[in-house]
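Raw data_19.tsv, TSV, C-alpha atoms and all ligand atoms:
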```
chain	number	residue	atom	x	y	z
C	1056	MET	CA	15.26	-19.60	-0.35
C	1057	LYS	CA	15.15	-18.39	-3.94
C	1058	GLU	CA	17.45	-15.52	-4.92
C	1059	THR	CA	14.99	-13.80	-7.26
C	1060	MET	CA	11.22	-13.38	-7.55
C	1061	ARG	CA	8.71	-12.18	-10.14
C	1062	ALA	CA	7.38	-8.70	-9.43
C	1063	ALA	CA	5.30	-6.00	-11.10
C	1064	VAL	CA	7.60	-3.00	-10.99
C	1065	PHE	CA	5.84	0.33	-11.56
C	1066	GLU	CA	8.79	1.78	-13.49
C	1067	ASP	CA	7.42	5.15	-14.47
C	1068	ILE	CA	4.06	6.80	-15.15
C	1069	ARG	CA	1.98	4.32	-17.22
C	1070	LYS	CA	4.83	1.80	-17.39
C	1071	ILE	CA	4.82	-1.54	-15.53
C	1072	SER	CA	7.38	-4.31	-16.11
C	1073	ILE	CA	6.93	-7.87	-14.92
C	1074	LYS	CA	10.47	-8.93	-14.14
C	1075	ASP	CA	12.80	-10.89	-11.90
C	1076	VAL	CA	14.10	-8.85	-8.98
C	1077	PRO	CA	16.03	-9.92	-5.86
C	1078	VAL	CA	13.91	-11.45	-3.06
C	1079	PRO	CA	13.94	-8.82	-0.25
C	1080	ARG	CA	16.61	-9.46	2.41
C	1081	ILE	CA	15.11	-9.18	5.88
C	1082	ASP	CA	16.66	-7.33	8.82
C	1083	ASP	CA	16.63	-8.85	12.34
C	1084	ASP	CA	13.31	-7.14	13.16
C	1085	GLU	CA	11.56	-8.14	9.92
C	1086	VAL	CA	9.77	-11.14	8.42
C	1087	LEU	CA	9.54	-12.32	4.83
C	1088	ILE	CA	6.01	-13.10	3.63
C	1089	LYS	CA	5.12	-15.22	0.60
C	1090	ILE	CA	2.19	-13.41	-1.01
C	1091	GLU	CA	-1.07	-15.25	-1.68
C	1092	TYR	CA	-3.25	-12.40	-3.00
C	1093	THR	CA	-3.16	-8.63	-3.38
C	1094	GLY	CA	-6.30	-6.60	-4.04
C	1095	ILE	CA	-6.12	-3.78	-6.60
C	1096	CYS	CA	-7.06	-0.42	-5.07
C	1097	GLY	CA	-7.93	2.94	-6.65
C	1098	THR	CA	-4.61	4.15	-5.25
C	1099	ASP	CA	-2.80	1.72	-7.58
C	1100	TRP	CA	-4.46	3.41	-10.57
C	1101	SER	CA	-3.43	6.81	-9.16
C	1102	ILE	CA	0.19	5.61	-8.84
C	1103	TYR	CA	0.07	4.14	-12.37
C	1104	THR	CA	-1.28	7.36	-13.90
C	1105	GLY	CA	1.07	9.63	-11.96
C	1106	LYS	CA	-1.59	11.27	-9.77
C	1107	TYR	CA	-0.13	9.96	-6.52
C	1108	SER	CA	3.32	9.08	-5.18
C	1109	SER	CA	4.90	9.26	-8.65
C	1110	ASP	CA	7.99	10.94	-7.14
C	1111	LYS	CA	8.74	7.56	-5.47
C	1112	LEU	CA	8.80	5.57	-8.76
C	1113	PRO	CA	10.15	3.05	-9.61
C	1114	PHE	CA	8.82	0.66	-6.98
C	1115	ILE	CA	6.63	-2.44	-6.59
C	1116	ALA	CA	3.08	-1.28	-5.79
C	1117	GLY	CA	0.39	-3.36	-4.01
C	1118	HIS	CA	-0.76	-2.96	-0.40
C	1119	GLU	CA	-3.97	-5.01	0.22
C	1120	PHE	CA	-2.44	-8.42	0.79
C	1121	SER	CA	-2.33	-11.77	2.54
C	1122	GLY	CA	0.33	-14.45	2.76
C	1123	ILE	CA	2.42	-16.90	4.75
C	1124	ILE	CA	5.57	-16.15	6.77
C	1125	VAL	CA	8.55	-17.98	5.23
C	1126	GLU	CA	11.47	-16.35	7.04
C	1127	ILE	CA	11.76	-14.61	10.42
C	1128	GLY	CA	14.39	-12.22	11.77
C	1129	SER	CA	16.23	-13.02	15.03
C	1130	ASP	CA	14.68	-10.05	16.89
C	1131	THR	CA	11.02	-10.98	16.37
C	1132	ILE	CA	8.69	-12.45	18.99
C	1133	GLY	CA	5.68	-14.73	18.64
C	1134	LEU	CA	5.95	-15.40	14.91
C	1135	LYS	CA	6.97	-18.54	13.08
C	1136	ASN	CA	7.35	-19.86	9.57
C	1137	GLY	CA	3.99	-20.98	8.17
C	1138	ASP	CA	1.95	-18.35	10.04
C	1139	ARG	CA	-0.99	-17.05	7.94
C	1140	VAL	CA	-0.88	-13.27	8.04
C	1141	THR	CA	-1.57	-9.84	6.67
C	1142	ALA	CA	0.21	-6.67	7.78
C	1143	ASP	CA	-0.53	-3.06	8.64
C	1144	ILE	CA	0.93	-0.98	5.82
C	1145	ASN	CA	1.33	2.26	7.80
C	1146	ILE	CA	4.76	3.28	9.02
C	1147	GLY	CA	5.62	6.39	11.05
C	1148	CYS	CA	9.02	7.69	12.13
C	1149	GLY	CA	8.31	6.46	15.69
C	1150	HIS	CA	9.73	9.46	17.53
C	1151	CYS	CA	7.96	12.66	16.42
C	1152	TYR	CA	5.20	14.48	18.35
C	1153	TYR	CA	2.47	12.60	16.42
C	1154	CYS	CA	4.03	9.13	16.65
C	1155	LYS	CA	4.56	9.56	20.41
C	1156	LYS	CA	0.86	10.38	20.75
C	1157	GLY	CA	-0.10	7.29	18.73
C	1158	LEU	CA	-1.15	9.45	15.76
C	1159	THR	CA	1.03	7.69	13.18
C	1160	LEU	CA	-1.22	8.69	10.28
C	1161	ASN	CA	-0.35	12.35	10.97
C	1162	CYS	CA	3.43	11.75	11.15
C	1163	PRO	CA	5.25	14.05	8.70
C	1164	GLU	CA	7.43	11.05	7.70
C	1165	PHE	CA	4.38	8.80	7.26
C	1166	ARG	CA	4.88	6.09	4.60
C	1167	GLN	CA	2.80	3.17	3.36
C	1168	LEU	CA	3.91	-0.20	2.08
C	1169	GLY	CA	3.25	-0.46	-1.67
C	1170	ILE	CA	2.45	3.24	-1.97
C	1171	HIS	CA	5.69	4.94	-0.93
C	1172	MET	CA	7.96	1.85	-0.90
C	1173	ASP	CA	8.05	-1.69	-2.31
C	1174	GLY	CA	4.80	-3.60	-1.81
C	1175	THR	CA	3.06	-6.80	-2.71
C	1176	PHE	CA	2.46	-7.15	-6.46
C	1177	ALA	CA	5.27	-9.73	-6.24
C	1178	GLU	CA	5.98	-13.20	-4.87
C	1179	TYR	CA	7.44	-11.95	-1.57
C	1180	VAL	CA	7.45	-8.87	0.64
C	1181	LYS	CA	9.32	-8.01	3.83
C	1182	VAL	CA	7.70	-6.13	6.71
C	1183	SER	CA	8.54	-5.14	10.26
C	1184	TRP	CA	7.37	-7.93	12.60
C	1185	LYS	CA	5.41	-5.43	14.71
C	1186	LEU	CA	3.07	-4.71	11.78
C	1187	VAL	CA	2.08	-8.36	11.26
C	1188	HIS	CA	-1.49	-9.45	12.03
C	1189	HIS	CA	-2.32	-13.16	12.28
C	1190	ILE	CA	-5.49	-14.21	10.53
C	1191	PRO	CA	-7.82	-16.83	12.01
C	1192	ASP	CA	-8.00	-20.32	10.45
C	1193	SER	CA	-11.59	-19.59	9.42
C	1194	MET	CA	-10.51	-16.64	7.26
C	1195	ASP	CA	-9.40	-17.48	3.72
C	1196	PHE	CA	-6.55	-15.64	2.02
C	1197	LEU	CA	-8.87	-13.70	-0.27
C	1198	MET	CA	-10.77	-12.30	2.71
C	1199	ALA	CA	-7.45	-11.61	4.46
C	1200	ALA	CA	-6.35	-9.51	1.48
C	1201	PHE	CA	-9.47	-7.43	2.09
C	1202	VAL	CA	-8.56	-6.54	5.69
C	1203	GLU	CA	-6.72	-3.35	4.60
C	1204	PRO	CA	-9.70	-1.65	2.88
C	1205	THR	CA	-11.95	-2.83	5.72
C	1206	SER	CA	-9.58	-1.25	8.28
C	1207	CYS	CA	-9.85	2.08	6.40
C	1208	VAL	CA	-13.64	1.96	6.59
C	1209	ILE	CA	-13.52	0.98	10.30
C	1210	HIS	CA	-11.23	3.97	10.97
C	1211	SER	CA	-13.78	6.25	9.32
C	1212	LEU	CA	-16.63	4.60	11.24
C	1213	LYS	CA	-14.87	5.11	14.59
C	1214	ALA	CA	-14.24	8.78	13.75
C	1215	MET	CA	-17.99	9.21	13.11
C	1216	ASP	CA	-18.87	7.64	16.48
C	1217	MET	CA	-22.35	6.92	15.24
C	1218	PRO	CA	-25.20	6.32	17.76
C	1219	VAL	CA	-27.69	3.49	17.14
C	1220	GLY	CA	-30.52	4.34	14.74
C	1221	SER	CA	-28.68	7.04	12.77
C	1222	SER	CA	-29.78	7.67	9.20
C	1223	THR	CA	-26.74	7.38	6.96
C	1224	ALA	CA	-26.28	8.39	3.32
C	1225	ILE	CA	-23.23	7.22	1.37
C	1226	LEU	CA	-22.06	8.79	-1.88
C	1227	GLY	CA	-20.22	6.22	-4.00
C	1228	SER	CA	-20.96	2.57	-4.66
C	1229	GLY	CA	-17.43	1.14	-4.77
C	1230	LEU	CA	-16.03	1.09	-1.23
C	1231	GLY	CA	-19.32	2.81	-0.39
C	1232	SER	CA	-20.85	-0.68	-0.14
C	1233	LEU	CA	-18.33	-1.51	2.57
C	1234	HIS	CA	-19.30	1.69	4.41
C	1235	ALA	CA	-22.93	0.51	4.21
C	1236	ALA	CA	-22.01	-2.84	5.79
C	1237	ALA	CA	-19.94	-1.08	8.46
C	1238	ALA	CA	-22.74	1.39	9.29
C	1239	LYS	CA	-25.08	-1.58	9.78
C	1240	THR	CA	-22.77	-2.91	12.53
C	1241	ARG	CA	-23.60	0.35	14.38
C	1242	GLY	CA	-27.35	-0.09	13.90
C	1243	ALA	CA	-27.63	2.66	11.30
C	1244	ALA	CA	-31.03	3.03	9.62
C	1245	PRO	CA	-31.92	3.73	6.96
C	1246	VAL	CA	-28.63	3.28	5.11
C	1247	ILE	CA	-28.97	5.04	1.76
C	1248	ILE	CA	-26.41	4.53	-0.99
C	1249	ILE	CA	-26.02	6.80	-4.00
C	1250	GLY	CA	-24.38	5.77	-7.28
C	1251	ARG	CA	-24.95	5.39	-11.01
C	1252	ASN	CA	-24.05	1.80	-11.87
C	1253	ARG	CA	-27.05	-0.45	-11.22
C	1254	LYS	CA	-25.00	-3.61	-10.72
C	1255	ARG	CA	-22.96	-1.85	-8.03
C	1256	LEU	CA	-26.15	-0.58	-6.39
C	1257	ALA	CA	-27.48	-4.17	-6.33
C	1258	ILE	CA	-24.23	-5.24	-4.61
C	1259	ALA	CA	-24.69	-2.38	-2.10
C	1260	LYS	CA	-28.12	-3.84	-1.23
C	1261	LYS	CA	-26.56	-7.26	-0.64
C	1262	MET	CA	-23.99	-5.60	1.61
C	1263	GLY	CA	-26.67	-4.03	3.80
C	1264	ALA	CA	-27.91	-0.80	2.18
C	1265	ASP	CA	-31.65	-0.30	2.81
C	1266	ILE	CA	-32.28	2.16	-0.03
C	1267	THR	CA	-30.35	2.84	-3.23
C	1268	ILE	CA	-30.50	6.06	-5.26
C	1269	CYS	CA	-29.52	5.71	-8.91
C	1270	LEU	CA	-28.31	9.04	-10.30
C	1271	ASP	CA	-29.97	8.25	-13.63
C	1272	ASP	CA	-33.32	8.26	-11.81
C	1273	TYR	CA	-32.50	11.10	-9.40
C	1274	PRO	CA	-30.01	13.60	-10.87
C	1275	ASP	CA	-30.38	15.68	-7.68
C	1276	PRO	CA	-29.50	13.22	-4.88
C	1277	VAL	CA	-29.54	15.98	-2.22
C	1278	THR	CA	-33.27	16.53	-2.61
C	1279	ARG	CA	-33.90	12.78	-2.69
C	1280	VAL	CA	-31.95	12.17	0.55
C	1281	ARG	CA	-33.90	14.97	2.25
C	1282	GLU	CA	-37.18	13.39	1.06
C	1283	LEU	CA	-36.10	10.07	2.55
C	1284	THR	CA	-35.14	11.60	5.91
C	1285	GLY	CA	-38.21	13.61	6.90
C	1286	GLY	CA	-37.00	16.71	5.00
C	1287	ARG	CA	-34.01	17.10	7.35
C	1288	GLY	CA	-31.08	15.42	5.61
C	1289	ALA	CA	-29.16	12.43	6.98
C	1290	ASP	CA	-27.63	12.22	10.46
C	1291	PHE	CA	-24.39	11.01	8.85
C	1292	VAL	CA	-23.17	11.32	5.25
C	1293	VAL	CA	-20.10	9.47	3.97
C	1294	GLU	CA	-18.32	10.90	0.91
C	1295	SER	CA	-16.68	7.93	-0.82
C	1296	VAL	CA	-16.23	9.30	-4.35
C	1297	GLY	CA	-13.54	11.96	-4.09
C	1298	THR	CA	-14.62	14.98	-6.14
C	1299	ALA	CA	-15.25	18.56	-5.02
C	1300	LYS	CA	-18.81	18.39	-6.39
C	1301	THR	CA	-19.73	15.25	-4.43
C	1302	TYR	CA	-18.21	16.77	-1.28
C	1303	GLU	CA	-20.48	19.80	-1.74
C	1304	GLN	CA	-23.47	17.49	-2.27
C	1305	ALA	CA	-22.49	15.44	0.78
C	1306	LEU	CA	-22.37	18.48	3.06
C	1307	ALA	CA	-25.73	19.67	1.73
C	1308	MET	CA	-27.23	16.24	2.54
C	1309	VAL	CA	-26.22	16.41	6.21
C	1310	ARG	CA	-29.03	17.45	8.57
C	1311	PRO	CA	-28.42	20.42	10.91
C	1312	GLY	CA	-26.13	19.18	13.68
C	1313	GLY	CA	-25.19	16.10	11.64
C	1314	THR	CA	-21.82	14.85	10.47
C	1315	LEU	CA	-20.03	14.56	7.14
C	1316	ALA	CA	-17.43	11.78	7.05
C	1317	ALA	CA	-14.70	12.63	4.53
C	1318	PHE	CA	-13.31	9.47	2.93
C	1319	GLY	CA	-12.98	9.88	-0.88
C	1320	ILE	CA	-9.60	11.27	-1.95
C	1321	THR	CA	-9.81	14.29	-4.25
C	1322	GLY	CA	-7.13	15.83	-6.45
C	1323	GLU	CA	-4.64	17.87	-4.42
C	1324	ASP	CA	-5.80	21.16	-5.93
C	1325	ASP	CA	-9.55	20.52	-5.93
C	1326	ILE	CA	-11.48	23.23	-4.10
C	1327	MET	CA	-14.80	22.69	-2.34
C	1328	LYS	CA	-17.11	25.65	-1.71
C	1329	LEU	CA	-18.08	25.94	1.96
C	1330	LYS	CA	-20.52	28.33	3.57
C	1331	PRO	CA	-19.35	29.09	7.15
C	1332	ALA	CA	-23.05	29.39	8.11
C	1333	GLU	CA	-23.34	25.62	7.53
C	1334	PHE	CA	-21.14	25.22	10.62
C	1335	VAL	CA	-22.00	28.22	12.75
C	1336	LEU	CA	-25.76	28.23	12.34
C	1337	SER	CA	-26.36	24.58	11.39
C	1338	GLU	CA	-23.68	23.07	13.64
C	1339	LYS	CA	-22.63	20.54	11.02
C	1340	LYS	CA	-19.43	18.61	11.73
C	1341	ILE	CA	-16.78	16.95	9.58
C	1342	THR	CA	-14.75	13.88	10.48
C	1343	SER	CA	-11.97	12.59	8.27
C	1344	SER	CA	-9.83	9.51	7.84
C	1345	CYS	CA	-7.04	8.64	5.43
C	1346	ALA	CA	-6.26	5.01	6.34
C	1347	GLY	CA	-6.86	2.24	8.85
C	1348	PHE	CA	-4.14	1.86	11.46
C	1349	GLY	CA	-3.26	-0.30	14.47
C	1350	ASP	CA	-6.38	-1.57	16.22
C	1351	ASP	CA	-8.49	-0.77	13.14
C	1352	TRP	CA	-6.79	-3.85	11.64
C	1353	THR	CA	-7.60	-6.02	14.66
C	1354	ASP	CA	-11.22	-4.85	14.54
C	1355	ALA	CA	-11.46	-5.40	10.76
C	1356	ILE	CA	-10.23	-9.00	11.21
C	1357	THR	CA	-12.74	-9.54	14.04
C	1358	LEU	CA	-15.71	-8.19	12.07
C	1359	LEU	CA	-14.79	-10.06	8.85
C	1360	SER	CA	-14.07	-13.37	10.56
C	1361	ASN	CA	-17.30	-13.25	12.59
C	1362	ASN	CA	-19.43	-12.44	9.52
C	1363	GLN	CA	-20.44	-9.01	10.82
C	1364	ILE	CA	-19.23	-7.73	7.47
C	1365	ASP	CA	-19.38	-10.00	4.40
C	1366	PRO	CA	-17.56	-8.30	1.50
C	1367	LYS	CA	-17.79	-11.27	-0.91
C	1368	PRO	CA	-20.44	-9.59	-3.13
C	1369	MET	CA	-17.75	-6.98	-3.92
C	1370	PHE	CA	-15.23	-9.58	-5.13
C	1371	SER	CA	-15.12	-9.67	-8.94
C	1372	LYS	CA	-12.09	-11.61	-10.19
C	1373	ILE	CA	-8.63	-13.02	-9.48
C	1374	MET	CA	-6.01	-12.44	-12.18
C	1375	PRO	CA	-2.36	-13.51	-12.51
C	1376	LEU	CA	0.48	-11.09	-11.74
C	1377	GLU	CA	1.41	-10.92	-15.44
C	1378	LYS	CA	-2.01	-9.38	-16.22
C	1379	ILE	CA	-1.85	-6.55	-13.70
C	1380	GLU	CA	-1.85	-3.76	-16.29
C	1381	GLU	CA	-4.86	-5.36	-18.02
C	1382	ALA	CA	-6.59	-5.61	-14.63
C	1383	LEU	CA	-5.98	-1.92	-13.87
C	1384	PHE	CA	-7.61	-0.92	-17.17
C	1385	LEU	CA	-10.45	-3.41	-16.74
C	1386	LEU	CA	-11.43	-1.72	-13.47
C	1387	GLN	CA	-11.59	1.65	-15.23
C	1388	GLU	CA	-13.53	0.39	-18.25
C	1389	ASN	CA	-16.01	-1.99	-16.65
C	1390	ARG	CA	-17.72	-0.27	-13.71
C	1391	ASP	CA	-19.58	-3.50	-12.89
C	1392	LEU	CA	-16.30	-4.74	-11.40
C	1393	ILE	CA	-15.33	-3.62	-7.90
C	1394	LYS	CA	-12.45	-5.70	-6.50
C	1395	ILE	CA	-9.91	-7.62	-8.58
C	1396	PHE	CA	-7.25	-9.61	-6.74
C	1397	ILE	CA	-3.83	-10.47	-8.17
C	1398	SER	CA	-2.20	-13.86	-7.59
C	1399	PRO	CA	1.57	-14.18	-8.05
C	1400	ALA	CA	1.33	-18.00	-8.28
C	1401	GLU	CA	3.05	-19.25	-11.42
C	1402	GLY	CA	0.60	-20.34	-14.14
C	1403	PHE	CA	-2.41	-18.91	-12.26
C	1404	GLU	CA	-5.55	-18.86	-14.42
C	1405	ILE	CA	-8.19	-16.12	-14.23
C	1406	GLN	CA	-11.05	-16.83	-11.80
C	1407	ASP	CA	-14.37	-15.01	-12.03
C	1408	PHE	CA	-16.92	-14.67	-9.24
P	1501	ZN	ZN	-6.12	0.37	-0.79
P	1502	ZN	ZN	6.49	10.33	13.35
```
Kindly return the structure encoded in the file as structure tokens.
Amino acid sequence: MKETMRAAVFEDIRKISIKDVPVPRIDDDEVLIKIEYTGICGTDWSIYTGKYSSDKLPFIAGHEFSGIIVEIGSDTIGLKNGDRVTADINIGCGHCYYCKKGLTLNCPEFRQLGIHMDGTFAEYVKVSWKLVHHIPDSMDFLMAAFVEPTSCVIHSLKAMDMPVGSSTAILGSGLGSLHAAAAKTRGAAPVIIIGRNRKRLAIAKKMGADITICLDDYPDPVTRVRELTGGRGADFVVESVGTAKTYEQALAMVRPGGTLAAFGITGEDDIMKLKPAEFVLSEKKITSSCAGFGDDWTDAITLLSNNQIDPKPMFSKIMPLEKIEEALFLLQENRDLIKIFISPAEGFEIQDF
């Protein structure tokens, strides 16, 4: 085993260094994984710009990953070198009230790989063996690196508990497209997606959206959603943008008795205006989800590997580890791009889809 590896260390706000760092040393209950790909997530931009988890810097970011086990601890069961895997990134303390109830995401000590501790923009990562998920032979490593965002969307979908035939409106055409595909697995109809970028809206259609609303054509999407749903509003509305304004629009789009699914992450101090009458007299509900955890990962792997969800239209590029900073900026500047993956393989050349 090598002593050092190349890694993208997020040193400080807006400062990344590609450098040689020690290969992580595993404990008896851990495995070492050689990384194949890591998807870049909006959270990585938030870490880079100091909006999220900047008190934990410096660390190696990256959390949407796939790879191969290359070393196993003596206290692990059912894993071997060469296994093709991804891993749940969510870690709780294991002994608090929430963890004992299986509510790890609510644990006060909750941490995530690559967000609060070293992650996968590197050649290797170590994880607890219990968090490892095998991926089927039919699933390629790119798809496996997309299990994490899919698990987040599945978690949100389960919280909604959507009956067959529910009209569903989704604000946001980034991960919103994945919500559209997920809603289709529940027989949602029509699935309406709202965004501004026409290329992204075309991708949303490929992913399963029935109707797209371009904000350049319809500056007031609330009225348009009501028009498309018999004047009522949608049975379910997913907020996948993350601003106070879009949350207010999302709640206004929900029909009486319907449900708003909160998914987009706002700034910590953003305030949304709420009229209590929307709940008391209209009986609207809100579900929320901050990550995918545990069986959400199993279910994401099942749906992806059985083609119930095909996220390939969302895949934009693969770039080498050395170009991670360029990739982060590219995603901000070119809104046609949705998902860029990073490969740590030496000499990797850019691939476009
Ligand atoms: Zn992510
Ligand atoms: Zn806990």
Nearest-residue call for Gly1347 of chain C, choices C:Gly1137, C:Pro1276, C:Pro1204, C:Gly1297, using all atoms listed in the file: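 With all atoms listed in the file as the atom set, the closest residue is C:Pro1204.
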Find the residues around Ala1317 of chain C up to 7 Å (only C-alpha atoms counted), leave out those fewer than 3 positions away in its own chain, and share them as a VMD selection string. chain C and resid 1293 to 1294 1341 to 1344
Do you know which residues are within 8 Å of ligand ZN 1502 (chain P) using only C-alpha atoms and all ligand atoms? Can you write them as number ranges by chain? C: 1147-1155, 1159, 1161-1165
How many Å lie between atom CA of Gly1220 of chain C and atom CA of Val1202 of chain C, rounded to one decimal?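 Calculated distance between atom CA of Gly1220 of chain C and atom CA of Val1202 of chain C is 26.1 Å.
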I'd like the contact shell of Glu1178 of chain C - 10 Å cut-off, all atoms listed in the file, skipping same-chain residues fewer than 3 positions apart - returned as an mmCIF file with C-alpha atoms, keeping the file's coordinate frame.
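Below is the file selection-v9.cif, written as the result:
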```cif
data_model
loop_
_atom_site.group_PDB
_atom_site.id
_atom_site.type_symbol
_atom_site.label_atom_id
_atom_site.label_comp_id
_atom_site.auth_asym_id
_atom_site.auth_seq_id
_atom_site.Cartn_x
_atom_site.Cartn_y
_atom_site.Cartn_z
ATOM 1 C CA THR C 1059 14.990 -13.800 -7.260
ATOM 2 C CA MET C 1060 11.220 -13.380 -7.550
ATOM 3 C CA ARG C 1061 8.710 -12.180 -10.140
ATOM 4 C CA ALA C 1062 7.380 -8.700 -9.430
ATOM 5 C CA ALA C 1063 5.300 -6.000 -11.100
ATOM 6 C CA VAL C 1078 13.910 -11.450 -3.060
ATOM 7 C CA ILE C 1088 6.010 -13.100 3.630
ATOM 8 C CA LYS C 1089 5.120 -15.220 0.600
ATOM 9 C CA ILE C 1090 2.190 -13.410 -1.010
ATOM 10 C CA GLU C 1091 -1.070 -15.250 -1.680
ATOM 11 C CA TYR C 1092 -3.250 -12.400 -3.000
ATOM 12 C CA GLY C 1122 0.330 -14.450 2.760
ATOM 13 C CA THR C 1175 3.060 -6.800 -2.710
ATOM 14 C CA LEU C 1376 0.480 -11.090 -11.740
ATOM 15 C CA SER C 1398 -2.200 -13.860 -7.590
ATOM 16 C CA PRO C 1399 1.570 -14.180 -8.050
ATOM 17 C CA ALA C 1400 1.330 -18.000 -8.280
ATOM 18 C CA GLU C 1401 3.050 -19.250 -11.420
#
```
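For ligand ZN 1501 (chain P), the set of protein, DNA and RNA residues within 9 Å, based on only C-alpha atoms and all ligand atoms, reads C:Gly1094, C:Ile1095, C:Cys1096, C:Gly1097, C:Thr1098, C:Asp1099, C:Gly1117, C:His1118, C:Glu1119, C:Phe1201, C:Glu1203, C:Pro1204, C:Cys1207, C:Ala1346.
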Just the selected residues (C-alpha atoms), exported as a PDB file, keeping the file's coordinate frame, please.
```pdb
ATOM      1  CA  GLY C1094      -6.300  -6.600  -4.040  1.00  0.00           C
ATOM      2  CA  ILE C1095      -6.120  -3.780  -6.600  1.00  0.00           C
ATOM      3  CA  CYS C1096      -7.060  -0.420  -5.070  1.00  0.00           C
ATOM      4  CA  GLY C1097      -7.930   2.940  -6.650  1.00  0.00           C
ATOM      5  CA  THR C1098      -4.610   4.150  -5.250  1.00  0.00           C
ATOM      6  CA  ASP C1099      -2.800   1.720  -7.580  1.00  0.00           C
ATOM      7  CA  GLY C1117       0.390  -3.360  -4.010  1.00  0.00           C
ATOM      8  CA  HIS C1118      -0.760  -2.960  -0.400  1.00  0.00           C
ATOM      9  CA  GLU C1119      -3.970  -5.010   0.220  1.00  0.00           C
ATOM     10  CA  PHE C1201      -9.470  -7.430   2.090  1.00  0.00           C
ATOM     11  CA  GLU C1203      -6.720  -3.350   4.600  1.00  0.00           C
ATOM     12  CA  PRO C1204      -9.700  -1.650   2.880  1.00  0.00           C
ATOM     13  CA  CYS C1207      -9.850   2.080   6.400  1.00  0.00           C
ATOM     14  CA  ALA C1346      -6.260   5.010   6.340  1.00  0.00           C
TER      15      ALA C1346
END
```
Report, in Å to a single decimal, how far apart atom CA of Leu1392 of chain C and atom CA of Val1180 of chain C are. 26.9 Å
Starting from the sparse input, extend segment 1380-1395 of chain C to N, CA and C atoms and give the output as an mmCIF file, in the frame of the given file.
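The resulting file, result_10.cif, is reproduced below:
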```cif
data_model
loop_
_atom_site.group_PDB
_atom_site.id
_atom_site.type_symbol
_atom_site.label_atom_id
_atom_site.label_comp_id
_atom_site.auth_asym_id
_atom_site.auth_seq_id
_atom_site.Cartn_x
_atom_site.Cartn_y
_atom_site.Cartn_z
ATOM 1 N N GLU C 1380 -1.530 -4.981 -15.538
ATOM 2 C CA GLU C 1380 -1.850 -3.760 -16.290
ATOM 3 C C GLU C 1380 -3.258 -3.898 -16.907
ATOM 4 N N GLU C 1381 -3.529 -5.083 -17.456
ATOM 5 C CA GLU C 1381 -4.860 -5.360 -18.020
ATOM 6 C C GLU C 1381 -5.929 -5.200 -16.930
ATOM 7 N N ALA C 1382 -5.638 -5.690 -15.741
ATOM 8 C CA ALA C 1382 -6.590 -5.610 -14.630
ATOM 9 C C ALA C 1382 -6.859 -4.156 -14.243
ATOM 10 N N LEU C 1383 -5.811 -3.335 -14.217
ATOM 11 C CA LEU C 1383 -5.980 -1.920 -13.870
ATOM 12 C C LEU C 1383 -6.923 -1.230 -14.856
ATOM 13 N N PHE C 1384 -6.744 -1.532 -16.151
ATOM 14 C CA PHE C 1384 -7.610 -0.920 -17.170
ATOM 15 C C PHE C 1384 -9.036 -1.467 -17.106
ATOM 16 N N LEU C 1385 -9.146 -2.771 -16.840
ATOM 17 C CA LEU C 1385 -10.450 -3.410 -16.740
ATOM 18 C C LEU C 1385 -11.320 -2.724 -15.681
ATOM 19 N N LEU C 1386 -10.695 -2.379 -14.553
ATOM 20 C CA LEU C 1386 -11.430 -1.720 -13.470
ATOM 21 C C LEU C 1386 -11.909 -0.325 -13.865
ATOM 22 N N GLN C 1387 -11.173 0.324 -14.763
ATOM 23 C CA GLN C 1387 -11.590 1.650 -15.230
ATOM 24 C C GLN C 1387 -12.718 1.539 -16.249
ATOM 25 N N GLU C 1388 -12.616 0.499 -17.110
ATOM 26 C CA GLU C 1388 -13.530 0.390 -18.250
ATOM 27 C C GLU C 1388 -14.850 -0.284 -17.891
ATOM 28 N N ASN C 1389 -14.804 -1.243 -16.995
ATOM 29 C CA ASN C 1389 -16.010 -1.990 -16.650
ATOM 30 C C ASN C 1389 -16.409 -1.675 -15.216
ATOM 31 N N ARG C 1390 -17.355 -0.735 -15.062
ATOM 32 C CA ARG C 1390 -17.720 -0.270 -13.710
ATOM 33 C C ARG C 1390 -18.560 -1.296 -12.954
ATOM 34 N N ASP C 1391 -18.909 -2.408 -13.618
ATOM 35 C CA ASP C 1391 -19.580 -3.500 -12.890
ATOM 36 C C ASP C 1391 -18.606 -4.161 -11.922
ATOM 37 N N LEU C 1392 -17.315 -4.075 -12.221
ATOM 38 C CA LEU C 1392 -16.300 -4.740 -11.400
ATOM 39 C C LEU C 1392 -15.935 -3.840 -10.221
ATOM 40 N N ILE C 1393 -15.753 -4.436 -9.052
ATOM 41 C CA ILE C 1393 -15.330 -3.620 -7.900
ATOM 42 C C ILE C 1393 -13.927 -4.042 -7.437
ATOM 43 N N LYS C 1394 -13.758 -5.295 -7.039
ATOM 44 C CA LYS C 1394 -12.450 -5.700 -6.500
ATOM 45 C C LYS C 1394 -11.854 -6.836 -7.327
ATOM 46 N N ILE C 1395 -10.690 -6.571 -7.899
ATOM 47 C CA ILE C 1395 -9.910 -7.620 -8.580
ATOM 48 C C ILE C 1395 -8.689 -7.912 -7.710
#
```
